[in-house]
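> If it helps, the file is called run_36.pdb and holds PDB, C-alpha atoms and all ligand atoms:
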ATOM      1  CA  MET H   1     113.745  55.776  50.314
ATOM      2  CA  LYS H   2     110.279  57.177  49.664
ATOM      3  CA  ILE H   3     107.433  54.684  49.096
ATOM      4  CA  ALA H   4     103.993  55.667  47.796
ATOM      5  CA  ILE H   5     100.864  53.540  48.194
ATOM      6  CA  ALA H   6      97.508  53.677  46.406
ATOM      7  CA  SER H   7      94.462  51.485  45.846
ATOM      8  CA  ASP H   8      90.989  51.462  44.384
ATOM      9  CA  HIS H   9      88.004  50.515  46.572
ATOM     10  CA  GLY H  10      88.793  46.784  46.104
ATOM     11  CA  GLY H  11      92.154  47.350  47.784
ATOM     12  CA  PHE H  12      91.200  50.077  50.232
ATOM     13  CA  GLU H  13      91.070  47.925  53.362
ATOM     14  CA  LEU H  14      94.391  46.236  52.603
ATOM     15  CA  LYS H  15      95.989  49.616  51.836
ATOM     16  CA  GLU H  16      94.918  50.941  55.215
ATOM     17  CA  GLN H  17      96.293  47.864  56.978
ATOM     18  CA  ILE H  18      99.665  48.151  55.204
ATOM     19  CA  ARG H  19      99.858  51.887  55.878
ATOM     20  CA  LYS H  20      99.109  51.396  59.591
ATOM     21  CA  HIS H  21     101.652  48.587  59.850
ATOM     22  CA  PHE H  22     104.435  50.768  58.414
ATOM     23  CA  SER H  23     103.332  53.737  60.460
ATOM     24  CA  SER H  24     103.630  51.645  63.656
ATOM     25  CA  LEU H  25     107.251  50.994  62.639
ATOM     26  CA  GLY H  26     107.860  54.729  62.163
ATOM     27  CA  THR H  27     107.705  54.699  58.336
ATOM     28  CA  THR H  28     105.210  56.960  56.607
ATOM     29  CA  LEU H  29     104.003  55.788  53.212
ATOM     30  CA  GLU H  30     102.871  58.538  50.843
ATOM     31  CA  ASP H  31      99.132  57.826  50.503
ATOM     32  CA  LEU H  32      97.823  58.697  47.024
ATOM     33  CA  GLY H  33      94.281  57.445  47.795
ATOM     34  CA  THR H  34      91.644  56.277  47.439
ATOM     35  CA  HIS H  35      90.509  57.527  50.823
ATOM     36  CA  SER H  36      87.292  55.534  51.302
ATOM     37  CA  ALA H  37      85.635  52.257  50.292
ATOM     38  CA  ASP H  38      83.460  54.125  47.747
ATOM     39  CA  SER H  39      83.723  52.791  44.211
ATOM     40  CA  CYS H  40      86.360  54.368  41.954
ATOM     41  CA  ASP H  41      88.228  53.441  38.752
ATOM     42  CA  TYR H  42      91.559  51.645  39.134
ATOM     43  CA  PRO H  43      93.126  53.222  35.994
ATOM     44  CA  ASP H  44      92.828  56.658  37.652
ATOM     45  CA  ILE H  45      94.670  55.295  40.686
ATOM     46  CA  ALA H  46      97.360  53.622  38.572
ATOM     47  CA  HIS H  47      97.898  56.889  36.660
ATOM     48  CA  LYS H  48      98.350  58.836  39.890
ATOM     49  CA  MET H  49     101.041  56.384  40.991
ATOM     50  CA  VAL H  50     102.773  56.421  37.593
ATOM     51  CA  LEU H  51     102.965  60.227  37.636
ATOM     52  CA  CYS H  52     104.272  60.210  41.197
ATOM     53  CA  LEU H  53     107.113  57.825  40.255
ATOM     54  CA  LEU H  54     107.946  59.324  36.857
ATOM     55  CA  GLN H  55     108.081  62.830  38.354
ATOM     56  CA  GLY H  56     110.498  61.554  41.002
ATOM     57  CA  ASN H  57     108.183  62.128  43.943
ATOM     58  CA  ALA H  58     108.671  58.550  45.204
ATOM     59  CA  ASP H  59     111.222  55.796  44.595
ATOM     60  CA  LEU H  60     108.866  52.837  44.815
ATOM     61  CA  GLY H  61     105.131  52.224  44.716
ATOM     62  CA  ILE H  62     102.596  49.818  46.167
ATOM     63  CA  LEU H  63      99.374  49.438  44.157
ATOM     64  CA  ILE H  64      96.314  47.436  45.176
ATOM     65  CA  CYS H  65      93.026  46.625  43.477
ATOM     66  CA  GLY H  66      90.686  43.656  43.985
ATOM     67  CA  THR H  67      92.955  41.150  42.236
ATOM     68  CA  GLY H  68      96.016  43.241  41.381
ATOM     69  CA  ILE H  69      95.386  42.538  37.701
ATOM     70  CA  GLY H  70      93.627  45.656  36.403
ATOM     71  CA  ILE H  71      95.828  48.105  38.250
ATOM     72  CA  SER H  72      99.040  46.407  37.053
ATOM     73  CA  ILE H  73      97.839  46.338  33.438
ATOM     74  CA  ALA H  74      97.101  50.070  33.676
ATOM     75  CA  ALA H  75     100.446  50.949  35.280
ATOM     76  CA  ASN H  76     102.548  48.815  32.925
ATOM     77  CA  ARG H  77     101.460  50.782  29.851
ATOM     78  CA  PHE H  78     104.005  53.482  30.723
ATOM     79  CA  LYS H  79     107.723  53.488  29.911
ATOM     80  CA  GLY H  80     109.849  53.310  33.004
ATOM     81  CA  ILE H  81     107.188  51.469  34.985
ATOM     82  CA  ARG H  82     107.657  47.857  36.039
ATOM     83  CA  ALA H  83     104.661  46.782  38.124
ATOM     84  CA  ALA H  84     104.768  43.196  39.430
ATOM     85  CA  ILE H  85     102.071  41.242  41.247
ATOM     86  CA  LEU H  86     103.840  39.639  44.231
ATOM     87  CA  TYR H  87     101.652  36.563  44.467
ATOM     88  CA  ASP H  88     104.038  34.527  46.631
ATOM     89  CA  ASP H  89     107.333  34.896  48.532
ATOM     90  CA  PHE H  90     109.509  33.591  45.692
ATOM     91  CA  THR H  91     107.904  36.037  43.276
ATOM     92  CA  ALA H  92     108.512  38.872  45.731
ATOM     93  CA  GLU H  93     112.231  38.060  45.653
ATOM     94  CA  MET H  94     112.449  37.592  41.886
ATOM     95  CA  ALA H  95     110.488  40.754  41.117
ATOM     96  CA  LYS H  96     113.450  42.696  42.549
ATOM     97  CA  LYS H  97     116.342  40.330  41.686
ATOM     98  CA  HIS H  98     115.499  39.879  38.003
ATOM     99  CA  ASN H  99     112.879  42.473  37.108
ATOM    100  CA  ASN H 100     113.875  45.428  39.289
ATOM    101  CA  ALA H 101     110.161  46.178  39.659
ATOM    102  CA  ASN H 102     109.353  49.662  40.836
ATOM    103  CA  ILE H 103     105.743  48.961  41.797
ATOM    104  CA  MET H 104     104.683  46.085  44.066
ATOM    105  CA  VAL H 105     101.111  45.041  43.282
ATOM    106  CA  PHE H 106      98.691  43.162  45.534
ATOM    107  CA  GLY H 107      95.094  41.922  45.481
ATOM    108  CA  GLY H 108      92.888  43.209  48.252
ATOM    109  CA  ARG H 109      90.348  40.458  47.641
ATOM    110  CA  THR H 110      92.850  37.649  47.050
ATOM    111  CA  MET H 111      95.659  38.127  49.591
ATOM    112  CA  LYS H 112      96.061  38.181  53.375
ATOM    113  CA  VAL H 113      97.689  41.204  54.996
ATOM    114  CA  GLU H 114     100.352  39.158  56.821
ATOM    115  CA  ASP H 115     101.467  37.577  53.520
ATOM    116  CA  VAL H 116     101.556  40.960  51.810
ATOM    117  CA  ILE H 117     103.649  42.564  54.561
ATOM    118  CA  ARG H 118     106.120  39.656  54.461
ATOM    119  CA  ARG H 119     106.408  39.963  50.658
ATOM    120  CA  ILE H 120     107.044  43.706  50.905
ATOM    121  CA  ASP H 121     109.865  42.998  53.388
ATOM    122  CA  ILE H 122     111.358  40.348  51.104
ATOM    123  CA  PHE H 123     111.224  42.727  48.130
ATOM    124  CA  LEU H 124     112.802  45.604  50.066
ATOM    125  CA  HIS H 125     115.612  43.387  51.379
ATOM    126  CA  THR H 126     116.519  41.904  47.987
ATOM    127  CA  GLU H 127     119.045  43.450  45.569
ATOM    128  CA  PHE H 128     118.618  43.725  41.787
ATOM    129  CA  GLU H 129     121.189  41.436  40.151
ATOM    130  CA  GLY H 130     121.800  43.691  37.136
ATOM    131  CA  ASP H 131     124.055  42.089  34.502
ATOM    132  CA  ARG H 132     121.978  40.219  31.847
ATOM    133  CA  HIS H 133     118.782  41.519  33.424
ATOM    134  CA  ASN H 134     119.731  45.092  32.497
ATOM    135  CA  ARG H 135     119.810  44.042  28.842
ATOM    136  CA  ARG H 136     116.354  42.497  29.157
ATOM    137  CA  LEU H 137     114.880  45.520  30.912
ATOM    138  CA  ALA H 138     116.381  47.753  28.211
ATOM    139  CA  LYS H 139     114.541  45.669  25.589
ATOM    140  CA  ILE H 140     111.270  46.220  27.438
ATOM    141  CA  GLU H 141     111.890  49.975  27.380
ATOM    142  CA  GLU H 142     112.776  49.844  23.684
ATOM    143  CA  GLY H 143     109.558  48.019  22.747
ATOM    144  CA  ILE H 144     108.934  46.993  19.121
TER     145      ILE H 144
HETATM  146  C1  LIG H 201      86.745  46.514  41.157
HETATM  147  O1  LIG H 201      85.508  45.934  41.411
HETATM  148  C2  LIG H 201      87.699  45.481  40.570
HETATM  149  O2  LIG H 201      87.344  45.186  39.261
HETATM  150  C3  LIG H 201      89.132  45.979  40.638
HETATM  151  O3  LIG H 201      89.456  46.234  41.963
HETATM  152  C4  LIG H 201      90.197  45.035  40.134
HETATM  153  O4  LIG H 201      90.112  43.782  40.730
HETATM  154  C5  LIG H 201      90.402  44.982  38.686
HETATM  155  O5  LIG H 201      91.255  44.249  38.159
END
Hey, can you dump this file as C-alpha cells for me?
Ligand code: RB5


Amino acid sequence: MKIAIASDHGGFELKEQIRKHFSSLGTTLEDLGTHSADSCDYPDIAHKMVLCLLQGNADLGILICGTGIGISIAANRFKGIRAAILYDDFTAEMAKKHNNANIMVFGGRTMKVEDVIRRIDIFLHTEFEGDRHNRRLAKIEEGI
C-alpha cells in the first residue's frame, strides 16, 4: 500500500516527525510537501494530495495543517475524497470502519506526535465494515 503525506507550514514539524517514524520502520511515505516551515496556503497542499489520490498515485493520504480543519474542508470538496480528522483513538477506528476515509487528517498545533502515530496504526489495522456504510458513502458521492 502506498501512503502519501503532505502539510502546510502549520503541520510541517509534525509531518517530518511522522515521516521519520515510518522511515525508521522501513516504510517510505510519499512526501508531497511542504518542504520547509515557510508560510504556504493549505488549499494548495490539499489539492496536491487530492490529485495524487484521484490519479491513483497513492492509496491513502495523511494531511496536516495547524488544526486539521482548513485542509480537510479543502480536500473534502472533491468526489471520491473522504478526509477525516482523527481527533482521538475511537475516531481513528471509526473513520475506517464506517467512513472508509482515504485521507487521515491531523492538527500540527493541536496534537502530539505519539497520539498521531498511534491513531495512524489503529486506522491502518482496522477494516471497513461495508454493508450499510456502502449505501451511505454512495449517497455522499451522489450529492444533492
Ligand atoms: C495556518 O496559519 C493555519 O491557518 C492553517 O494551518 C490551518 O490551521 C487552517 O485551518

> Skip H:Thr67 itself and residues of its chain fewer than 5 positions away, then list as number ranges by chain all residues within 10 Å of it, counting only C-alpha atoms.

H: 10-11, 72, 85, 105-111

> Name the residues that the PyMOL selection byres (((not hetatm)) within 12 of (chain H and resi 201)) pulls out of this structure, and write them as a PyMOL selection string.

chain H and resi 6-14+34+37-46+63-75+85+105-111

> Taking the file as shown, find all residues satisfying the PyMOL selection byres (((chain H and resi 124) around 12) and not hetatm) and write them as a PyMOL selection string.

chain H and resi 1-3+59-62+92-97+100-104+117-123+125-128

> I need the residue nearest H:Arg77 from this list: H:Gly130, H:Glu114, H:Gly143, H:Lys15. Use only C-alpha atoms for the distance.

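Of all the options, H:Gly143 lies closest to H:Arg77.
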
> Between atom CA of H:Asn57 and atom CA of H:Lys139, what is the distance in Å, rounded to a tenth?

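For atom CA of H:Asn57 relative to atom CA of H:Lys139, the distance reads 25.5 Å.
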
> Would you compute, for all listed atoms of stretch 92-100 of chain H, the axis-aligned bounding box grown by 8 Å on each side, and then report its centre and edge lengths in Å rounded to one decimal, as AutoDock Vina command-line options?


--center_x 112.4 --center_y 41.5 --center_z 41.4 --size_x 23.8 --size_y 23.8 --size_z 24.6

> Nearest to H:Glu129 among H:Leu32, H:Gly56, H:Asn99, H:Ile144, with distances taken over only C-alpha atoms: which residue is it?

H:Asn99

> So how many Å separate atom CA of H:Phe22 and atom CA of H:Val113, to one decimal?

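One can read the atom CA of H:Phe22 to atom CA of H:Val113 distance as 12.2 Å.
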
> Can you tell me how far atom CA of H:Thr28 sits from atom CA of H:Val50, in Å to one decimal?

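Taking atom CA of H:Thr28 and atom CA of H:Val50, their separation equals 19.2 Å.
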
> Pick from H:Asp115, H:Asp31, H:Asp131, H:Glu141: nearest to H:Ala4, with all atoms listed in the file counted?

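Smallest distance to H:Ala4 is found for H:Asp31.
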
> Of the residues H:Val116, H:Glu142, H:His47, H:Leu137, which is the one nearest to H:Gln17, using only C-alpha atoms?

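Between H:Val116, H:Glu142, H:His47, H:Leu137, the residue approaching H:Gln17 most closely is H:Val116.
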